[in-house]
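Written below as structure tokens is the structure these notes are about.
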Amino acid sequence: MEKMKKFFSIFGTILLLLVAVALIFNQPIKEYAVKRIAEHNLTTLTAKKAASNAKKKGEFDFNKVKPISATQVAKASVNNDAAVIGKMAVPSVNLRLPIVVGLSDDALSTGGGTMKENEKMGKSNYALAGHYMTNKGALFSPLENVKIGDLAYITDMKRVYTYKIYYKKIVPPTAVYLLDDVENQSILTLITCADGGTNRWALQGSLVKSQPANKNTLAVFS
């Protein structure tokens with residue numbers, strides 16, 4: 001049994017190294033891997049799994065968030081333990097991603113990470129952060145093309161929440177006030193890098209609809 005465990009440990013390490021090398025030398029492969037991670041989590045998520053993952057603890061130290069690396073993507077591809085708690089979609093820019101707990105490397109290699117502990121969908125200021133990649137279809141990159149008035153959707157697989165974007169601006173990293181709750185308002189905040197990581201794209205939308213999750217309302221995430 002010990003020999004078998006050692007074998008799988010060594011095999012996993014070698015596989016991780018091979019994937020990392022491939023990603024380092026091929027940017028398109030890295031972007032493809034990121035998309036596959038997201039796609040897998042989108043298609044396998046259930047309401048039960050989302051509820052279970054919502055109980056897990058996340059990493060919320062903004063200072064530990066670094067630009068997405070080949071090693072980070074390789075690790076997530078081989079052994080992803082991100083806690084997926086829902087889905088998000090902005091159909092106007094073809095963005096569809098998992099929502100995960102926290103801002104760990106695995107979380108941000110998978111989709112949009114919650115920026116505050118104990119956030120509740122459809123309540124107060126639900127804030128998500130995601131990596132910007134050069135490929136316009138990867139992770140939060142498409143947010144750059146969102147227009148005021150576009151609709152954004154999030155779901156915990158029990159309900160689907162629809163938001164209408166009313167704010168889009170490039171802000172400095174110090175603009176943490178955008179994460180504050182607004183009295184008597186339910187809003188969605190989306191944050192990603194801008195200007196090569198020097199600044200941030202910040203988008204906000206107001207809640208306009210809340211519906212039960214079913215085949216019809218969940219179609220927007222497919």
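Ligands are numbered from 1 in the order shown, chains are lettered A, B, ... in the order of the structure tokens, and residues start at 1 in each chain.
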Output as JSON lines one row per residue of segment 124-144 of chain A within 10 Å of segment 88-105 of chain A: the closest atom pair and its distance in Å to one decimal place, counting only C-alpha atoms, sorted by chain and residue number ascending.
{"residue": "A:Leu128", "atom": "CA", "partner": "A:Ile99", "partner_atom": "CA", "distance": 8.0}
{"residue": "A:Ala129", "atom": "CA", "partner": "A:Leu103", "partner_atom": "CA", "distance": 7.7}
{"residue": "A:Gly130", "atom": "CA", "partner": "A:Leu103", "partner_atom": "CA", "distance": 8.5}
{"residue": "A:Lys136", "atom": "CA", "partner": "A:Val93", "partner_atom": "CA", "distance": 9.3}
{"residue": "A:Gly137", "atom": "CA", "partner": "A:Leu95", "partner_atom": "CA", "distance": 7.2}
{"residue": "A:Ala138", "atom": "CA", "partner": "A:Leu95", "partner_atom": "CA", "distance": 8.2}
{"residue": "A:Leu139", "atom": "CA", "partner": "A:Leu97", "partner_atom": "CA", "distance": 7.1}
{"residue": "A:Phe140", "atom": "CA", "partner": "A:Leu95", "partner_atom": "CA", "distance": 7.6}
{"residue": "A:Ser141", "atom": "CA", "partner": "A:Leu95", "partner_atom": "CA", "distance": 8.7}
{"residue": "A:Pro142", "atom": "CA", "partner": "A:Val93", "partner_atom": "CA", "distance": 5.8}
{"residue": "A:Leu143", "atom": "CA", "partner": "A:Val93", "partner_atom": "CA", "distance": 7.3}
{"residue": "A:Glu144", "atom": "CA", "partner": "A:Val93", "partner_atom": "CA", "distance": 9.0}
I need the chosen residues saved as a PDB file, in the first residue's frame, with N, CA, C and O atoms.
ATOM      1  N   LEU A 128     -17.083  39.926  -6.677  1.00  0.00           N
ATOM      2  CA  LEU A 128     -16.292  38.859  -7.272  1.00  0.00           C
ATOM      3  C   LEU A 128     -15.072  39.439  -7.977  1.00  0.00           C
ATOM      4  O   LEU A 128     -15.156  40.501  -8.608  1.00  0.00           O
ATOM      5  N   ALA A 129     -13.947  38.740  -7.871  1.00  0.00           N
ATOM      6  CA  ALA A 129     -12.724  39.140  -8.569  1.00  0.00           C
ATOM      7  C   ALA A 129     -12.282  38.010  -9.483  1.00  0.00           C
ATOM      8  O   ALA A 129     -12.544  36.833  -9.218  1.00  0.00           O
ATOM      9  N   GLY A 130     -11.620  38.374 -10.572  1.00  0.00           N
ATOM     10  CA  GLY A 130     -11.124  37.359 -11.493  1.00  0.00           C
ATOM     11  C   GLY A 130      -9.922  37.862 -12.257  1.00  0.00           C
ATOM     12  O   GLY A 130      -9.704  39.075 -12.386  1.00  0.00           O
ATOM     13  N   LYS A 136      -9.234  37.207 -24.990  1.00  0.00           N
ATOM     14  CA  LYS A 136     -10.464  37.899 -24.600  1.00  0.00           C
ATOM     15  C   LYS A 136     -11.552  36.960 -24.095  1.00  0.00           C
ATOM     16  O   LYS A 136     -12.517  37.397 -23.478  1.00  0.00           O
ATOM     17  N   GLY A 137     -11.397  35.651 -24.355  1.00  0.00           N
ATOM     18  CA  GLY A 137     -12.422  34.740 -23.895  1.00  0.00           C
ATOM     19  C   GLY A 137     -12.095  34.046 -22.599  1.00  0.00           C
ATOM     20  O   GLY A 137     -12.842  33.185 -22.164  1.00  0.00           O
ATOM     21  N   ALA A 138     -10.973  34.378 -21.957  1.00  0.00           N
ATOM     22  CA  ALA A 138     -10.524  33.642 -20.773  1.00  0.00           C
ATOM     23  C   ALA A 138     -10.797  34.424 -19.486  1.00  0.00           C
ATOM     24  O   ALA A 138     -10.507  35.619 -19.395  1.00  0.00           O
ATOM     25  N   LEU A 139     -11.364  33.712 -18.501  1.00  0.00           N
ATOM     26  CA  LEU A 139     -11.624  34.278 -17.181  1.00  0.00           C
ATOM     27  C   LEU A 139     -12.362  35.619 -17.272  1.00  0.00           C
ATOM     28  O   LEU A 139     -13.339  35.731 -17.983  1.00  0.00           O
ATOM     29  N   PHE A 140     -11.881  36.663 -16.570  1.00  0.00           N
ATOM     30  CA  PHE A 140     -12.623  37.935 -16.527  1.00  0.00           C
ATOM     31  C   PHE A 140     -12.258  38.892 -17.660  1.00  0.00           C
ATOM     32  O   PHE A 140     -12.742  40.028 -17.691  1.00  0.00           O
ATOM     33  N   SER A 141     -11.427  38.464 -18.597  1.00  0.00           N
ATOM     34  CA  SER A 141     -11.015  39.349 -19.693  1.00  0.00           C
ATOM     35  C   SER A 141     -12.182  40.000 -20.444  1.00  0.00           C
ATOM     36  O   SER A 141     -12.112  41.189 -20.778  1.00  0.00           O
ATOM     37  N   PRO A 142     -13.278  39.283 -20.725  1.00  0.00           N
ATOM     38  CA  PRO A 142     -14.373  39.891 -21.491  1.00  0.00           C
ATOM     39  C   PRO A 142     -15.048  41.077 -20.811  1.00  0.00           C
ATOM     40  O   PRO A 142     -15.761  41.838 -21.470  1.00  0.00           O
ATOM     41  N   LEU A 143     -14.838  41.252 -19.496  1.00  0.00           N
ATOM     42  CA  LEU A 143     -15.491  42.366 -18.797  1.00  0.00           C
ATOM     43  C   LEU A 143     -15.095  43.716 -19.380  1.00  0.00           C
ATOM     44  O   LEU A 143     -15.842  44.689 -19.279  1.00  0.00           O
ATOM     45  N   GLU A 144     -13.943  43.767 -20.006  1.00  0.00           N
ATOM     46  CA  GLU A 144     -13.484  45.010 -20.629  1.00  0.00           C
ATOM     47  C   GLU A 144     -14.473  45.502 -21.685  1.00  0.00           C
ATOM     48  O   GLU A 144     -14.568  46.704 -21.946  1.00  0.00           O
TER      49      GLU A 144
END
- request: Excluding Ala83 of chain A and residues on its chain fewer than 4 positions from it, collect all residues at most 12 Å away from it, counting only C-alpha atoms, and give them as number ranges by chain.
  value: A: 41, 45, 49-59, 76, 87, 98-114
query: Which polymer residues have any atom within 7 Å of an atom of Ile187 of chain A, counting only C-alpha atoms, with same-chain residues fewer than 5 positions away left out, as a ChimeraX atom specification?
result: /A:124-126,204-207
With C-alpha atoms retained, write the just-selected residues as a compact mmCIF listing (two decimals), in the first residue's frame.
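So the final result, stored in part_39.txt, reads:
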# COMPACT_ATOMS: atom_id res chain seq x y z
CA SER A 124 -26.01 43.62 -0.15
CA ASN A 125 -22.84 43.97 -2.26
CA TYR A 126 -21.88 40.60 -3.75
CA GLN A 204 -21.35 47.18 -10.73
CA GLY A 205 -24.90 46.15 -11.41
CA SER A 206 -28.17 46.50 -9.52
CA LEU A 207 -30.42 43.52 -8.81
message: Which residue is closest to Ser77 of chain A? Choose from A:Lys64, A:Thr189, A:Ile37, A:Thr162 and count only C-alpha atoms.
response: A:Ile37
- request: Could you give me, as number ranges by chain, each residue of segment 87-198 of chain A that DSSP assigns to strand (DSSP E or B) when run on this structure's backbone?
  value: A: 87-90, 95-100, 112-114, 125-129, 132, 139, 151-155, 159-171, 187-194
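Take atom CA of Leu42 of chain A and atom CA of Lys116 of chain A: the distance between them is 22.0 Å.
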- prompt: Suppose you want the space between atom CA of Ala213 of chain A and atom CA of Ala47 of chain A; what is it in Å?
  reply: 9.4 Å
- request: Apply DSSP to the structure's backbone, then extract all residues of segment 23-216 of chain A labelled helix (DSSP H, G or I) and return them as a ChimeraX atom specification.
  value: /A:23-24,27-44,47-53,62-64,70-78,91-93,105-110,141-145,176-179,195-197
- line: Using only C-alpha atoms, the residue out of A:Lys66, A:Asp61, A:Ser186, A:Val34 with shortest distance to Tyr161 of chain A is A:Ser186
message: Considering only C-alpha atoms, can you say which of A:Pro28, A:Ala38, A:Val176, A:Thr192 comes closest to Ser222 of chain A?
response: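 Selected residue with least distance to Ser222 of chain A: A:Ala38.
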- prompt: Which value, in Å to one decimal, gives the distance between atom CA of Tyr132 of chain A and atom CA of Pro173 of chain A?
  reply: 14.3 Å
Contacts of Val171 of chain A at 12 Å (only C-alpha atoms; same-chain gap of 3+ positions) as an NGL selection string: :A and (167-168 or 174-178 or 191-195 or 197-203)
With all heavy atoms kept, could you save the residues just selected as a short mmCIF file (atom, residue, chain, number, x, y, z; two decimals), in the first residue's frame?
data_model
loop_
_atom_site.label_atom_id
_atom_site.label_comp_id
_atom_site.auth_asym_id
_atom_site.auth_seq_id
_atom_site.Cartn_x
_atom_site.Cartn_y
_atom_site.Cartn_z
N TYR A 167 -22.48 50.75 -13.77
CA TYR A 167 -21.20 51.41 -13.48
C TYR A 167 -20.06 50.60 -14.09
O TYR A 167 -20.00 49.38 -13.94
CB TYR A 167 -21.02 51.50 -11.96
CG TYR A 167 -19.70 52.07 -11.48
CD1 TYR A 167 -19.55 53.43 -11.19
CD2 TYR A 167 -18.59 51.25 -11.29
CE1 TYR A 167 -18.34 53.94 -10.73
CE2 TYR A 167 -17.38 51.76 -10.83
CZ TYR A 167 -17.26 53.10 -10.56
OH TYR A 167 -16.06 53.61 -10.10
N LYS A 168 -19.17 51.29 -14.80
CA LYS A 168 -17.98 50.65 -15.36
C LYS A 168 -16.88 51.70 -15.43
O LYS A 168 -17.04 52.74 -16.08
CB LYS A 168 -18.26 50.09 -16.76
CG LYS A 168 -17.03 49.44 -17.42
CD LYS A 168 -17.30 49.09 -18.87
CE LYS A 168 -16.04 48.53 -19.52
NZ LYS A 168 -16.22 48.32 -20.97
N THR A 174 -6.47 50.78 -4.86
CA THR A 174 -6.86 51.26 -3.52
C THR A 174 -8.35 51.54 -3.40
O THR A 174 -8.83 51.87 -2.31
CB THR A 174 -6.08 52.55 -3.19
OG1 THR A 174 -6.28 53.50 -4.25
CG2 THR A 174 -4.59 52.26 -3.04
N ALA A 175 -9.11 51.38 -4.49
CA ALA A 175 -10.54 51.73 -4.48
C ALA A 175 -11.36 50.62 -3.83
O ALA A 175 -12.34 50.12 -4.40
CB ALA A 175 -11.02 51.99 -5.89
N VAL A 176 -10.98 50.24 -2.61
CA VAL A 176 -11.68 49.15 -1.91
C VAL A 176 -13.07 49.57 -1.43
O VAL A 176 -13.86 48.71 -1.02
CB VAL A 176 -10.84 48.65 -0.71
CG1 VAL A 176 -9.57 47.97 -1.22
CG2 VAL A 176 -10.48 49.79 0.24
N TYR A 177 -13.37 50.86 -1.48
CA TYR A 177 -14.70 51.32 -1.10
C TYR A 177 -15.78 50.70 -1.99
O TYR A 177 -16.95 50.63 -1.60
CB TYR A 177 -14.78 52.85 -1.19
CG TYR A 177 -14.52 53.40 -2.57
CD1 TYR A 177 -15.56 53.55 -3.49
CD2 TYR A 177 -13.24 53.79 -2.97
CE1 TYR A 177 -15.33 54.03 -4.77
CE2 TYR A 177 -13.00 54.28 -4.24
CZ TYR A 177 -14.04 54.40 -5.13
OH TYR A 177 -13.80 54.88 -6.39
N LEU A 178 -15.39 50.23 -3.17
CA LEU A 178 -16.35 49.62 -4.07
C LEU A 178 -16.89 48.29 -3.54
O LEU A 178 -17.89 47.77 -4.03
CB LEU A 178 -15.71 49.38 -5.44
CG LEU A 178 -15.41 50.65 -6.26
CD1 LEU A 178 -14.54 50.31 -7.46
CD2 LEU A 178 -16.71 51.32 -6.71
N ILE A 191 -14.56 42.72 -10.37
CA ILE A 191 -13.26 43.39 -10.41
C ILE A 191 -12.25 42.53 -11.17
O ILE A 191 -12.14 41.33 -10.95
CB ILE A 191 -12.71 43.62 -8.98
CG1 ILE A 191 -13.69 44.42 -8.12
CG2 ILE A 191 -11.35 44.32 -9.05
CD1 ILE A 191 -13.85 45.87 -8.52
N THR A 192 -11.48 43.17 -12.07
CA THR A 192 -10.38 42.49 -12.75
C THR A 192 -9.30 43.51 -13.08
O THR A 192 -9.49 44.71 -12.90
CB THR A 192 -10.86 41.77 -14.02
OG1 THR A 192 -9.83 40.89 -14.48
CG2 THR A 192 -11.22 42.76 -15.14
N CYS A 193 -8.17 43.03 -13.56
CA CYS A 193 -7.03 43.93 -13.84
C CYS A 193 -7.27 44.78 -15.08
O CYS A 193 -7.96 44.39 -16.01
CB CYS A 193 -5.75 43.12 -14.01
SG CYS A 193 -5.11 42.45 -12.48
N ALA A 194 -6.64 45.95 -15.08
CA ALA A 194 -6.63 46.85 -16.23
C ALA A 194 -5.24 47.46 -16.33
O ALA A 194 -4.48 47.49 -15.36
CB ALA A 194 -7.68 47.95 -16.07
N ASP A 195 -4.90 47.95 -17.51
CA ASP A 195 -3.61 48.63 -17.73
C ASP A 195 -2.44 47.76 -17.31
O ASP A 195 -1.50 48.21 -16.63
CB ASP A 195 -3.57 49.96 -16.97
CG ASP A 195 -4.67 50.92 -17.40
OD1 ASP A 195 -5.07 50.86 -18.58
OD2 ASP A 195 -5.14 51.72 -16.57
N GLY A 197 -2.26 45.44 -15.16
CA GLY A 197 -2.22 45.13 -13.73
C GLY A 197 -2.01 46.33 -12.85
O GLY A 197 -2.10 46.23 -11.62
N THR A 198 -1.76 47.49 -13.47
CA THR A 198 -1.54 48.71 -12.68
C THR A 198 -2.83 49.17 -12.02
O THR A 198 -2.82 49.64 -10.87
CB THR A 198 -1.00 49.84 -13.58
OG1 THR A 198 0.19 49.40 -14.22
CG2 THR A 198 -0.69 51.08 -12.75
N ASN A 199 -3.92 49.07 -12.75
CA ASN A 199 -5.23 49.49 -12.24
C ASN A 199 -6.23 48.34 -12.31
O ASN A 199 -5.86 47.20 -12.59
CB ASN A 199 -5.73 50.70 -13.03
CG ASN A 199 -4.87 51.93 -12.80
OD1 ASN A 199 -4.64 52.34 -11.65
ND2 ASN A 199 -4.37 52.53 -13.87
N ARG A 200 -7.49 48.66 -12.06
CA ARG A 200 -8.53 47.64 -12.05
C ARG A 200 -9.75 48.11 -12.84
O ARG A 200 -10.14 49.28 -12.77
CB ARG A 200 -8.99 47.34 -10.60
CG ARG A 200 -7.87 46.95 -9.66
CD ARG A 200 -7.38 45.54 -9.92
NE ARG A 200 -6.36 45.15 -8.96
CZ ARG A 200 -5.06 45.30 -9.13
NH1 ARG A 200 -4.60 45.84 -10.26
NH2 ARG A 200 -4.19 44.91 -8.21
N TRP A 201 -10.35 47.18 -13.59
CA TRP A 201 -11.68 47.41 -14.12
C TRP A 201 -12.67 47.11 -13.00
O TRP A 201 -12.57 46.06 -12.35
CB TRP A 201 -11.99 46.49 -15.30
CG TRP A 201 -11.52 46.96 -16.63
CD1 TRP A 201 -10.55 46.42 -17.42
CD2 TRP A 201 -12.04 48.07 -17.37
NE1 TRP A 201 -10.41 47.12 -18.59
CE2 TRP A 201 -11.31 48.14 -18.58
CE3 TRP A 201 -13.04 49.01 -17.12
CZ2 TRP A 201 -11.56 49.11 -19.54
CZ3 TRP A 201 -13.29 49.99 -18.08
CH2 TRP A 201 -12.56 50.03 -19.27
N ALA A 202 -13.60 48.01 -12.77
CA ALA A 202 -14.64 47.80 -11.76
C ALA A 202 -16.00 47.98 -12.42
O ALA A 202 -16.25 49.00 -13.06
CB ALA A 202 -14.48 48.78 -10.61
N LEU A 203 -16.85 46.97 -12.28
CA LEU A 203 -18.20 47.03 -12.82
C LEU A 203 -19.18 46.75 -11.68
O LEU A 203 -18.91 45.92 -10.80
CB LEU A 203 -18.42 46.00 -13.92
CG LEU A 203 -17.70 46.21 -15.26
CD1 LEU A 203 -16.23 45.81 -15.19
CD2 LEU A 203 -18.39 45.41 -16.36
#
